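Engineer: Following this line is final-v8.cif, made up of mmCIF, N, CA and C atoms, pLDDT in the B column; chains and numbers go by the auth columns:
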```cif
data_final
loop_
_atom_site.group_PDB
_atom_site.id
_atom_site.type_symbol
_atom_site.label_atom_id
_atom_site.label_comp_id
_atom_site.label_asym_id
_atom_site.label_seq_id
_atom_site.Cartn_x
_atom_site.Cartn_y
_atom_site.Cartn_z
_atom_site.B_iso_or_equiv
_atom_site.auth_seq_id
_atom_site.auth_asym_id
ATOM 1 N N MET A 1 41.736 -19.000 -61.477 43.00 89 T
ATOM 2 C CA MET A 1 42.408 -17.793 -61.030 43.00 89 T
ATOM 3 C C MET A 1 43.076 -18.013 -59.678 43.00 89 T
ATOM 4 N N THR A 2 42.421 -18.674 -58.775 48.00 90 T
ATOM 5 C CA THR A 2 42.991 -18.915 -57.454 48.00 90 T
ATOM 6 C C THR A 2 44.250 -19.762 -57.538 48.00 90 T
ATOM 7 N N ALA A 3 44.257 -20.768 -58.412 51.00 91 T
ATOM 8 C CA ALA A 3 45.424 -21.639 -58.557 51.00 91 T
ATOM 9 C C ALA A 3 46.641 -20.847 -59.020 51.00 91 T
ATOM 10 N N GLU A 4 46.439 -19.848 -59.889 51.00 92 T
ATOM 11 C CA GLU A 4 47.554 -19.031 -60.350 51.00 92 T
ATOM 12 C C GLU A 4 48.146 -18.223 -59.210 51.00 92 T
ATOM 13 N N VAL A 5 47.316 -17.678 -58.353 50.00 93 T
ATOM 14 C CA VAL A 5 47.792 -16.913 -57.204 50.00 93 T
ATOM 15 C C VAL A 5 48.580 -17.822 -56.277 50.00 93 T
ATOM 16 N N ASP A 6 48.071 -19.015 -55.997 59.00 94 T
ATOM 17 C CA ASP A 6 48.759 -19.953 -55.122 59.00 94 T
ATOM 18 C C ASP A 6 50.125 -20.322 -55.685 59.00 94 T
ATOM 19 N N ARG A 7 50.212 -20.580 -56.990 71.00 95 T
ATOM 20 C CA ARG A 7 51.493 -20.931 -57.604 71.00 95 T
ATOM 21 C C ARG A 7 52.475 -19.776 -57.497 71.00 95 T
ATOM 22 N N SER A 8 51.989 -18.549 -57.647 76.00 96 T
ATOM 23 C CA SER A 8 52.848 -17.377 -57.537 76.00 96 T
ATOM 24 C C SER A 8 53.413 -17.270 -56.121 76.00 96 T
ATOM 25 N N GLN A 9 52.577 -17.507 -55.124 85.00 97 T
ATOM 26 C CA GLN A 9 53.043 -17.480 -53.736 85.00 97 T
ATOM 27 C C GLN A 9 54.048 -18.597 -53.487 85.00 97 T
ATOM 28 N N ASP A 10 53.810 -19.764 -54.056 89.00 98 T
ATOM 29 C CA ASP A 10 54.750 -20.876 -53.907 89.00 98 T
ATOM 30 C C ASP A 10 56.098 -20.537 -54.527 89.00 98 T
ATOM 31 N N ARG A 11 56.093 -19.910 -55.686 90.00 99 T
ATOM 32 C CA ARG A 11 57.361 -19.523 -56.331 90.00 99 T
ATOM 33 C C ARG A 11 58.113 -18.524 -55.467 90.00 99 T
ATOM 34 N N ASP A 12 57.393 -17.553 -54.893 91.00 100 T
ATOM 35 C CA ASP A 12 58.032 -16.580 -54.002 91.00 100 T
ATOM 36 C C ASP A 12 58.628 -17.276 -52.785 91.00 100 T
ATOM 37 N N THR A 13 57.885 -18.195 -52.207 92.00 101 T
ATOM 38 C CA THR A 13 58.376 -18.937 -51.043 92.00 101 T
ATOM 39 C C THR A 13 59.614 -19.740 -51.411 92.00 101 T
ATOM 40 N N CYS A 14 59.618 -20.361 -52.573 95.00 102 T
ATOM 41 C CA CYS A 14 60.785 -21.139 -53.015 95.00 102 T
ATOM 42 C C CYS A 14 62.008 -20.240 -53.163 95.00 102 T
ATOM 43 N N ARG A 15 61.836 -19.058 -53.740 94.00 103 T
ATOM 44 C CA ARG A 15 62.964 -18.118 -53.869 94.00 103 T
ATOM 45 C C ARG A 15 63.487 -17.707 -52.499 94.00 103 T
ATOM 46 N N LYS A 16 62.587 -17.466 -51.558 95.00 104 T
ATOM 47 C CA LYS A 16 63.007 -17.090 -50.207 95.00 104 T
ATOM 48 C C LYS A 16 63.758 -18.233 -49.537 95.00 104 T
ATOM 49 N N LEU A 17 63.277 -19.455 -49.723 96.00 105 T
ATOM 50 C CA LEU A 17 63.955 -20.618 -49.149 96.00 105 T
ATOM 51 C C LEU A 17 65.364 -20.762 -49.709 96.00 105 T
ATOM 52 N N ILE A 18 65.532 -20.534 -50.996 96.00 106 T
ATOM 53 C CA ILE A 18 66.860 -20.603 -51.609 96.00 106 T
ATOM 54 C C ILE A 18 67.777 -19.563 -50.975 96.00 106 T
ATOM 55 N N SER A 19 67.270 -18.346 -50.775 94.00 107 T
ATOM 56 C CA SER A 19 68.093 -17.292 -50.170 94.00 107 T
ATOM 57 C C SER A 19 68.430 -17.599 -48.712 94.00 107 T
ATOM 58 N N LEU A 20 67.627 -18.433 -48.064 94.00 108 T
ATOM 59 C CA LEU A 20 67.886 -18.830 -46.676 94.00 108 T
ATOM 60 C C LEU A 20 68.795 -20.056 -46.570 94.00 108 T
ATOM 61 N N GLY A 21 69.248 -20.583 -47.704 95.00 109 T
ATOM 62 C CA GLY A 21 70.189 -21.695 -47.674 95.00 109 T
ATOM 63 C C GLY A 21 69.628 -23.040 -48.073 95.00 109 T
ATOM 64 N N TYR A 22 68.354 -23.104 -48.382 96.00 110 T
ATOM 65 C CA TYR A 22 67.754 -24.371 -48.826 96.00 110 T
ATOM 66 C C TYR A 22 67.879 -24.471 -50.341 96.00 110 T
ATOM 67 N N ALA A 23 69.128 -24.466 -50.815 96.00 111 T
ATOM 68 C CA ALA A 23 69.424 -24.484 -52.245 96.00 111 T
ATOM 69 C C ALA A 23 70.233 -25.721 -52.597 96.00 111 T
ATOM 70 N N ARG A 24 70.199 -26.078 -53.864 96.00 112 T
ATOM 71 C CA ARG A 24 70.920 -27.237 -54.387 96.00 112 T
ATOM 72 C C ARG A 24 72.380 -27.210 -53.929 96.00 112 T
ATOM 73 N N PHE A 25 72.888 -28.362 -53.576 95.00 113 T
ATOM 74 C CA PHE A 25 74.269 -28.626 -53.159 95.00 113 T
ATOM 75 C C PHE A 25 74.561 -28.246 -51.706 95.00 113 T
ATOM 76 N N ASN A 26 73.637 -27.612 -51.008 97.00 114 T
ATOM 77 C CA ASN A 26 73.846 -27.305 -49.594 97.00 114 T
ATOM 78 C C ASN A 26 73.501 -28.510 -48.738 97.00 114 T
ATOM 79 N N ARG A 27 74.011 -28.502 -47.517 96.00 115 T
ATOM 80 C CA ARG A 27 73.677 -29.546 -46.541 96.00 115 T
ATOM 81 C C ARG A 27 72.797 -28.922 -45.465 96.00 115 T
ATOM 82 N N VAL A 28 71.739 -29.630 -45.108 95.00 116 T
ATOM 83 C CA VAL A 28 70.811 -29.156 -44.076 95.00 116 T
ATOM 84 C C VAL A 28 70.438 -30.319 -43.167 95.00 116 T
ATOM 85 N N ARG A 29 69.871 -29.967 -42.035 94.00 117 T
ATOM 86 C CA ARG A 29 69.366 -30.983 -41.112 94.00 117 T
ATOM 87 C C ARG A 29 67.848 -30.912 -41.143 94.00 117 T
ATOM 88 N N LEU A 30 67.214 -31.998 -41.585 94.00 118 T
ATOM 89 C CA LEU A 30 65.755 -32.089 -41.648 94.00 118 T
ATOM 90 C C LEU A 30 65.315 -33.375 -40.979 94.00 118 T
ATOM 91 N N TYR A 31 64.303 -33.269 -40.155 93.00 119 T
ATOM 92 C CA TYR A 31 63.738 -34.447 -39.490 93.00 119 T
ATOM 93 C C TYR A 31 64.812 -35.259 -38.767 93.00 119 T
ATOM 94 N N GLY A 32 65.787 -34.555 -38.175 92.00 120 T
ATOM 95 C CA GLY A 32 66.820 -35.216 -37.384 92.00 120 T
ATOM 96 C C GLY A 32 67.921 -35.875 -38.184 92.00 120 T
ATOM 97 N N GLN A 33 67.963 -35.655 -39.490 92.00 121 T
ATOM 98 C CA GLN A 33 68.992 -36.265 -40.337 92.00 121 T
ATOM 99 C C GLN A 33 69.743 -35.199 -41.117 92.00 121 T
ATOM 100 N N GLU A 34 71.050 -35.429 -41.274 94.00 122 T
ATOM 101 C CA GLU A 34 71.867 -34.581 -42.135 94.00 122 T
ATOM 102 C C GLU A 34 71.589 -34.980 -43.581 94.00 122 T
ATOM 103 N N MET A 35 71.253 -33.998 -44.424 95.00 123 T
ATOM 104 C CA MET A 35 70.902 -34.300 -45.809 95.00 123 T
ATOM 105 C C MET A 35 71.578 -33.323 -46.752 95.00 123 T
ATOM 106 N N LYS A 36 71.938 -33.823 -47.937 96.00 124 T
ATOM 107 C CA LYS A 36 72.467 -32.971 -48.998 96.00 124 T
ATOM 108 C C LYS A 36 71.327 -32.702 -49.973 96.00 124 T
ATOM 109 N N LEU A 37 71.103 -31.428 -50.258 97.00 125 T
ATOM 110 C CA LEU A 37 70.045 -31.057 -51.191 97.00 125 T
ATOM 111 C C LEU A 37 70.540 -31.263 -52.619 97.00 125 T
ATOM 112 N N VAL A 38 69.782 -31.989 -53.404 97.00 126 T
ATOM 113 C CA VAL A 38 70.141 -32.211 -54.806 97.00 126 T
ATOM 114 C C VAL A 38 69.187 -31.475 -55.747 97.00 126 T
ATOM 115 N N SER A 39 68.298 -30.665 -55.170 97.00 127 T
ATOM 116 C CA SER A 39 67.431 -29.801 -55.974 97.00 127 T
ATOM 117 C C SER A 39 67.128 -28.546 -55.171 97.00 127 T
ATOM 118 N N ASP A 40 66.695 -27.527 -55.877 98.00 128 T
ATOM 119 C CA ASP A 40 66.149 -26.354 -55.212 98.00 128 T
ATOM 120 C C ASP A 40 64.724 -26.698 -54.794 98.00 128 T
ATOM 121 N N PRO A 41 64.164 -25.968 -53.829 97.00 129 T
ATOM 122 C CA PRO A 41 62.773 -26.231 -53.432 97.00 129 T
ATOM 123 C C PRO A 41 61.821 -26.004 -54.605 97.00 129 T
ATOM 124 N N PHE A 42 60.772 -26.822 -54.652 96.00 130 T
ATOM 125 C CA PHE A 42 59.762 -26.656 -55.696 96.00 130 T
ATOM 126 C C PHE A 42 58.407 -27.078 -55.150 96.00 130 T
ATOM 127 N N PRO A 43 57.333 -26.440 -55.663 95.00 131 T
ATOM 128 C CA PRO A 43 55.992 -26.788 -55.200 95.00 131 T
ATOM 129 C C PRO A 43 55.578 -28.160 -55.717 95.00 131 T
ATOM 130 N N GLU A 44 54.909 -28.894 -54.866 93.00 132 T
ATOM 131 C CA GLU A 44 54.343 -30.179 -55.237 93.00 132 T
ATOM 132 C C GLU A 44 53.019 -30.308 -54.494 93.00 132 T
ATOM 133 N N GLU A 45 52.189 -31.205 -54.920 88.00 133 T
ATOM 134 C CA GLU A 45 50.886 -31.412 -54.284 88.00 133 T
ATOM 135 C C GLU A 45 51.045 -31.476 -52.767 88.00 133 T
ATOM 136 N N GLY A 46 50.407 -30.558 -52.072 85.00 134 T
ATOM 137 C CA GLY A 46 50.410 -30.603 -50.619 85.00 134 T
ATOM 138 C C GLY A 46 51.562 -29.901 -49.935 85.00 134 T
ATOM 139 N N GLY A 47 52.409 -29.183 -50.667 91.00 135 T
ATOM 140 C CA GLY A 47 53.484 -28.464 -50.004 91.00 135 T
ATOM 141 C C GLY A 47 54.654 -28.153 -50.918 91.00 135 T
ATOM 142 N N ILE A 48 55.759 -27.767 -50.281 96.00 136 T
ATOM 143 C CA ILE A 48 56.995 -27.482 -51.004 96.00 136 T
ATOM 144 C C ILE A 48 58.000 -28.548 -50.613 96.00 136 T
ATOM 145 N N VAL A 49 58.669 -29.107 -51.606 97.00 137 T
ATOM 146 C CA VAL A 49 59.574 -30.232 -51.373 97.00 137 T
ATOM 147 C C VAL A 49 60.949 -29.938 -51.954 97.00 137 T
ATOM 148 N N VAL A 50 61.926 -30.746 -51.517 97.00 138 T
ATOM 149 C CA VAL A 50 63.271 -30.750 -52.080 97.00 138 T
ATOM 150 C C VAL A 50 63.678 -32.198 -52.294 97.00 138 T
ATOM 151 N N GLU A 51 64.555 -32.419 -53.248 97.00 139 T
ATOM 152 C CA GLU A 51 65.137 -33.750 -53.415 97.00 139 T
ATOM 153 C C GLU A 51 66.404 -33.777 -52.589 97.00 139 T
ATOM 154 N N VAL A 52 66.579 -34.852 -51.821 97.00 140 T
ATOM 155 C CA VAL A 52 67.712 -34.961 -50.905 97.00 140 T
ATOM 156 C C VAL A 52 68.363 -36.330 -51.016 97.00 140 T
ATOM 157 N N VAL A 53 69.603 -36.381 -50.534 96.00 141 T
ATOM 158 C CA VAL A 53 70.301 -37.643 -50.337 96.00 141 T
ATOM 159 C C VAL A 53 70.779 -37.622 -48.896 96.00 141 T
ATOM 160 N N SER A 54 70.367 -38.601 -48.107 91.00 142 T
ATOM 161 C CA SER A 54 70.824 -38.715 -46.723 91.00 142 T
ATOM 162 C C SER A 54 72.245 -39.250 -46.711 91.00 142 T
ATOM 163 N N THR A 55 72.937 -39.029 -45.606 83.00 143 T
ATOM 164 C CA THR A 55 74.321 -39.493 -45.506 83.00 143 T
ATOM 165 C C THR A 55 74.416 -41.011 -45.547 83.00 143 T
ATOM 166 N N ASN A 56 73.364 -41.712 -45.132 85.00 144 T
ATOM 167 C CA ASN A 56 73.408 -43.177 -45.114 85.00 144 T
ATOM 168 C C ASN A 56 72.639 -43.815 -46.272 85.00 144 T
ATOM 169 N N GLU A 57 72.281 -43.026 -47.292 86.00 145 T
ATOM 170 C CA GLU A 57 71.561 -43.542 -48.457 86.00 145 T
ATOM 171 C C GLU A 57 72.288 -43.122 -49.729 86.00 145 T
ATOM 172 N N SER A 58 72.096 -43.882 -50.781 86.00 146 T
ATOM 173 C CA SER A 58 72.717 -43.508 -52.053 86.00 146 T
ATOM 174 C C SER A 58 71.701 -42.941 -53.047 86.00 146 T
ATOM 175 N N ALA A 59 70.444 -43.275 -52.880 93.00 147 T
ATOM 176 C CA ALA A 59 69.402 -42.803 -53.798 93.00 147 T
ATOM 177 C C ALA A 59 68.767 -41.518 -53.270 93.00 147 T
ATOM 178 N N SER A 60 68.355 -40.657 -54.197 95.00 148 T
ATOM 179 C CA SER A 60 67.684 -39.429 -53.781 95.00 148 T
ATOM 180 C C SER A 60 66.208 -39.708 -53.535 95.00 148 T
ATOM 181 N N ARG A 61 65.614 -38.839 -52.731 95.00 149 T
ATOM 182 C CA ARG A 61 64.182 -38.943 -52.450 95.00 149 T
ATOM 183 C C ARG A 61 63.646 -37.539 -52.218 95.00 149 T
ATOM 184 N N ARG A 62 62.343 -37.410 -52.336 96.00 150 T
ATOM 185 C CA ARG A 62 61.696 -36.118 -52.106 96.00 150 T
ATOM 186 C C ARG A 62 61.262 -36.021 -50.654 96.00 150 T
ATOM 187 N N VAL A 63 61.526 -34.850 -50.070 96.00 151 T
ATOM 188 C CA VAL A 63 61.158 -34.599 -48.680 96.00 151 T
ATOM 189 C C VAL A 63 60.359 -33.305 -48.634 96.00 151 T
ATOM 190 N N LYS A 64 59.202 -33.367 -48.009 96.00 152 T
ATOM 191 C CA LYS A 64 58.373 -32.178 -47.819 96.00 152 T
ATOM 192 C C LYS A 64 59.000 -31.335 -46.714 96.00 152 T
ATOM 193 N N LEU A 65 59.143 -30.040 -46.966 96.00 153 T
ATOM 194 C CA LEU A 65 59.731 -29.162 -45.960 96.00 153 T
ATOM 195 C C LEU A 65 58.741 -28.936 -44.819 96.00 153 T
ATOM 196 N N PRO A 66 59.245 -28.920 -43.584 96.00 154 T
ATOM 197 C CA PRO A 66 58.365 -28.720 -42.428 96.00 154 T
ATOM 198 C C PRO A 66 57.686 -27.348 -42.454 96.00 154 T
ATOM 199 N N LEU A 67 56.508 -27.289 -41.885 94.00 155 T
ATOM 200 C CA LEU A 67 55.727 -26.059 -41.838 94.00 155 T
ATOM 201 C C LEU A 67 56.500 -24.933 -41.160 94.00 155 T
ATOM 202 N N SER A 68 57.274 -25.235 -40.127 94.00 156 T
ATOM 203 C CA SER A 68 58.027 -24.189 -39.425 94.00 156 T
ATOM 204 C C SER A 68 59.029 -23.499 -40.353 94.00 156 T
ATOM 205 N N ILE A 69 59.632 -24.244 -41.266 94.00 157 T
ATOM 206 C CA ILE A 69 60.572 -23.657 -42.224 94.00 157 T
ATOM 207 C C ILE A 69 59.818 -22.798 -43.230 94.00 157 T
ATOM 208 N N LEU A 70 58.668 -23.273 -43.693 93.00 158 T
ATOM 209 C CA LEU A 70 57.865 -22.493 -44.638 93.00 158 T
ATOM 210 C C LEU A 70 57.366 -21.204 -43.998 93.00 158 T
ATOM 211 N N GLN A 71 56.991 -21.254 -42.722 92.00 159 T
ATOM 212 C CA GLN A 71 56.538 -20.055 -42.019 92.00 159 T
ATOM 213 C C GLN A 71 57.678 -19.061 -41.856 92.00 159 T
ATOM 214 N N MET A 72 58.892 -19.568 -41.587 91.00 160 T
ATOM 215 C CA MET A 72 60.057 -18.698 -41.465 91.00 160 T
ATOM 216 C C MET A 72 60.310 -17.993 -42.797 91.00 160 T
ATOM 217 N N ALA A 73 60.223 -18.727 -43.896 90.00 161 T
ATOM 218 C CA ALA A 73 60.436 -18.138 -45.223 90.00 161 T
ATOM 219 C C ALA A 73 59.360 -17.103 -45.535 90.00 161 T
ATOM 220 N N ALA A 74 58.139 -17.363 -45.127 85.00 162 T
ATOM 221 C CA ALA A 74 57.040 -16.432 -45.392 85.00 162 T
ATOM 222 C C ALA A 74 57.219 -15.123 -44.626 85.00 162 T
ATOM 223 N N SER A 75 57.890 -15.183 -43.478 83.00 163 T
ATOM 224 C CA SER A 75 58.064 -13.976 -42.673 83.00 163 T
ATOM 225 C C SER A 75 59.265 -13.149 -43.118 83.00 163 T
ATOM 226 N N LYS A 76 60.150 -13.720 -43.937 70.00 164 T
ATOM 227 C CA LYS A 76 61.345 -13.016 -44.415 70.00 164 T
ATOM 228 C C LYS A 76 61.041 -12.315 -45.727 70.00 164 T
ATOM 229 N N ARG A 77 61.804 -11.285 -46.005 59.00 165 T
ATOM 230 C CA ARG A 77 61.691 -10.597 -47.288 59.00 165 T
ATOM 231 C C ARG A 77 62.948 -10.870 -48.089 59.00 165 T
ATOM 232 N N ILE A 78 62.793 -10.942 -49.403 54.00 166 T
ATOM 233 C CA ILE A 78 63.960 -11.138 -50.270 54.00 166 T
ATOM 234 C C ILE A 78 64.761 -9.848 -50.298 54.00 166 T
ATOM 235 N N ALA A 79 66.065 -9.974 -50.076 50.00 167 T
ATOM 236 C CA ALA A 79 66.933 -8.786 -50.029 50.00 167 T
ATOM 237 C C ALA A 79 67.251 -8.268 -51.411 50.00 167 T
#
```
Would you put the structure from the file into structure tokens?
Structural biologist:
Amino acid sequence: MTAEVDRSQDRDTCRKLISLGYARFNRVRLYGQEMKLVSDPFPEEGGIVVEVVSTNESASRRVKLPLSILQMAASKRIA
């Protein structure tokens, strides 16, 4: 039962992140690098991640979103 509640909260957080601009095809700055998002945020073991391509790389990789971004999304409401 607890796992279902956690997944529901993760889905809500992912929707909020998308509304804040962390959506597929957008460009963001994470960990000091400009990155193009190639996926919408999704829950993964230990956090919420996105698939990205850095400007100096050709292959995509998964990046865990920083806690500060997740906290910002948690404090916002979906319009």
Engineer: Which neighbours of Arg117 of chain T fall inside 12 Å, counting only C-alpha atoms, when residues of the same chain fewer than 2 positions from it are skipped, and could you give them as a ChimeraX atom specification?
Structural biologist: /T:109-110,114-115,119-125,140-143,151,153-154,157
Engineer: Considering only C-alpha atoms, can you say which of T:Ala162, T:Lys152, T:Ala147, T:Leu118 comes closest to Gly134 of chain T?
Structural biologist: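 Among the listed residues, T:Lys152 lies closest to Gly134 of chain T.
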Engineer: Atom CA of Ser107 of chain T to atom CA of Glu145 of chain T: how many Å, to one decimal?
Structural biologist: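 Computing the Euclidean distance for atom CA of Ser107 of chain T and atom CA of Glu145 of chain T yields 26.5 Å.
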Engineer: Atom N of Ser146 of chain T and atom N of Cys102 of chain T, how far apart in Å?
Structural biologist: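 For atom N of Cys102 of chain T relative to atom N of Ser146 of chain T, the distance reads 26.7 Å.
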Engineer: For Lys164 of chain T, list every protein, DNA or RNA residue within 12 Å, evaluated using only C-alpha atoms, and leave out those in the same chain fewer than 6 positions away; present the list as a PyMOL selection string.
Structural biologist: chain T and resi 100-108+157-158
Engineer: With distances taken over all atoms listed in the file, which of T:Arg112, T:Ser96, T:Ala161, T:Arg149 is nearest to Pro129 of chain T?
Structural biologist: T:Arg112
Engineer: Could you pull out the strand (DSSP E) residues of chain T, going by DSSP on the backbone, and write them as a list of chain:residue names?
Structural biologist: T:Arg115, T:Val116, T:Arg117, T:Leu118, T:Gln121, T:Glu122, T:Met123, T:Lys124, T:Leu125, T:Phe130, T:Pro131, T:Glu132, T:Gly135, T:Ile136, T:Val137, T:Val138, T:Glu139, T:Val140, T:Val141, T:Ser142, T:Arg149, T:Arg150, T:Val151, T:Lys152
Engineer: Between atom CA of Met160 of chain T and atom N of Asn144 of chain T, what is the spacing in Å?
Structural biologist: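 Separating atom N of Asn144 of chain T from atom CA of Met160 of chain T is a distance of 26.8 Å.
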Engineer: Residues within 6.5 Å of (68.6, -30.6, -57.6), file coordinates, counting only N, CA and C atoms: what are they? Give the list as a ChimeraX atom specification.
Structural biologist: /T:112-113,125-128,139
Engineer: Around all the atoms of segment 101-119 of chain T listed in the file, with 8 Å of room on each side, what axis-aligned box do you get, giving centre and edge lengths in Å to one decimal, as JSON?
Structural biologist:
```
{"center_x": 66.2, "center_y": -26.2, "center_z": -46.6, "size_x": 32.7, "size_y": 34.2, "size_z": 31.6}
```
Engineer: Between T:Ser148, T:Ser156, T:Val137, T:Phe130, which residue has the minimum interatomic distance to Arg99 of chain T, considering only C-alpha atoms?
Structural biologist: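 Going through T:Ser148, T:Ser156, T:Val137, T:Phe130 one by one, the smallest distance to Arg99 of chain T is for T:Phe130.
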Engineer: Run DSSP on the backbone and grab whatever in chain T lands in helix (DSSP H, G or I); send it over as an MDAnalysis selection string.
Structural biologist: chainID T and resid 90:107 155:163
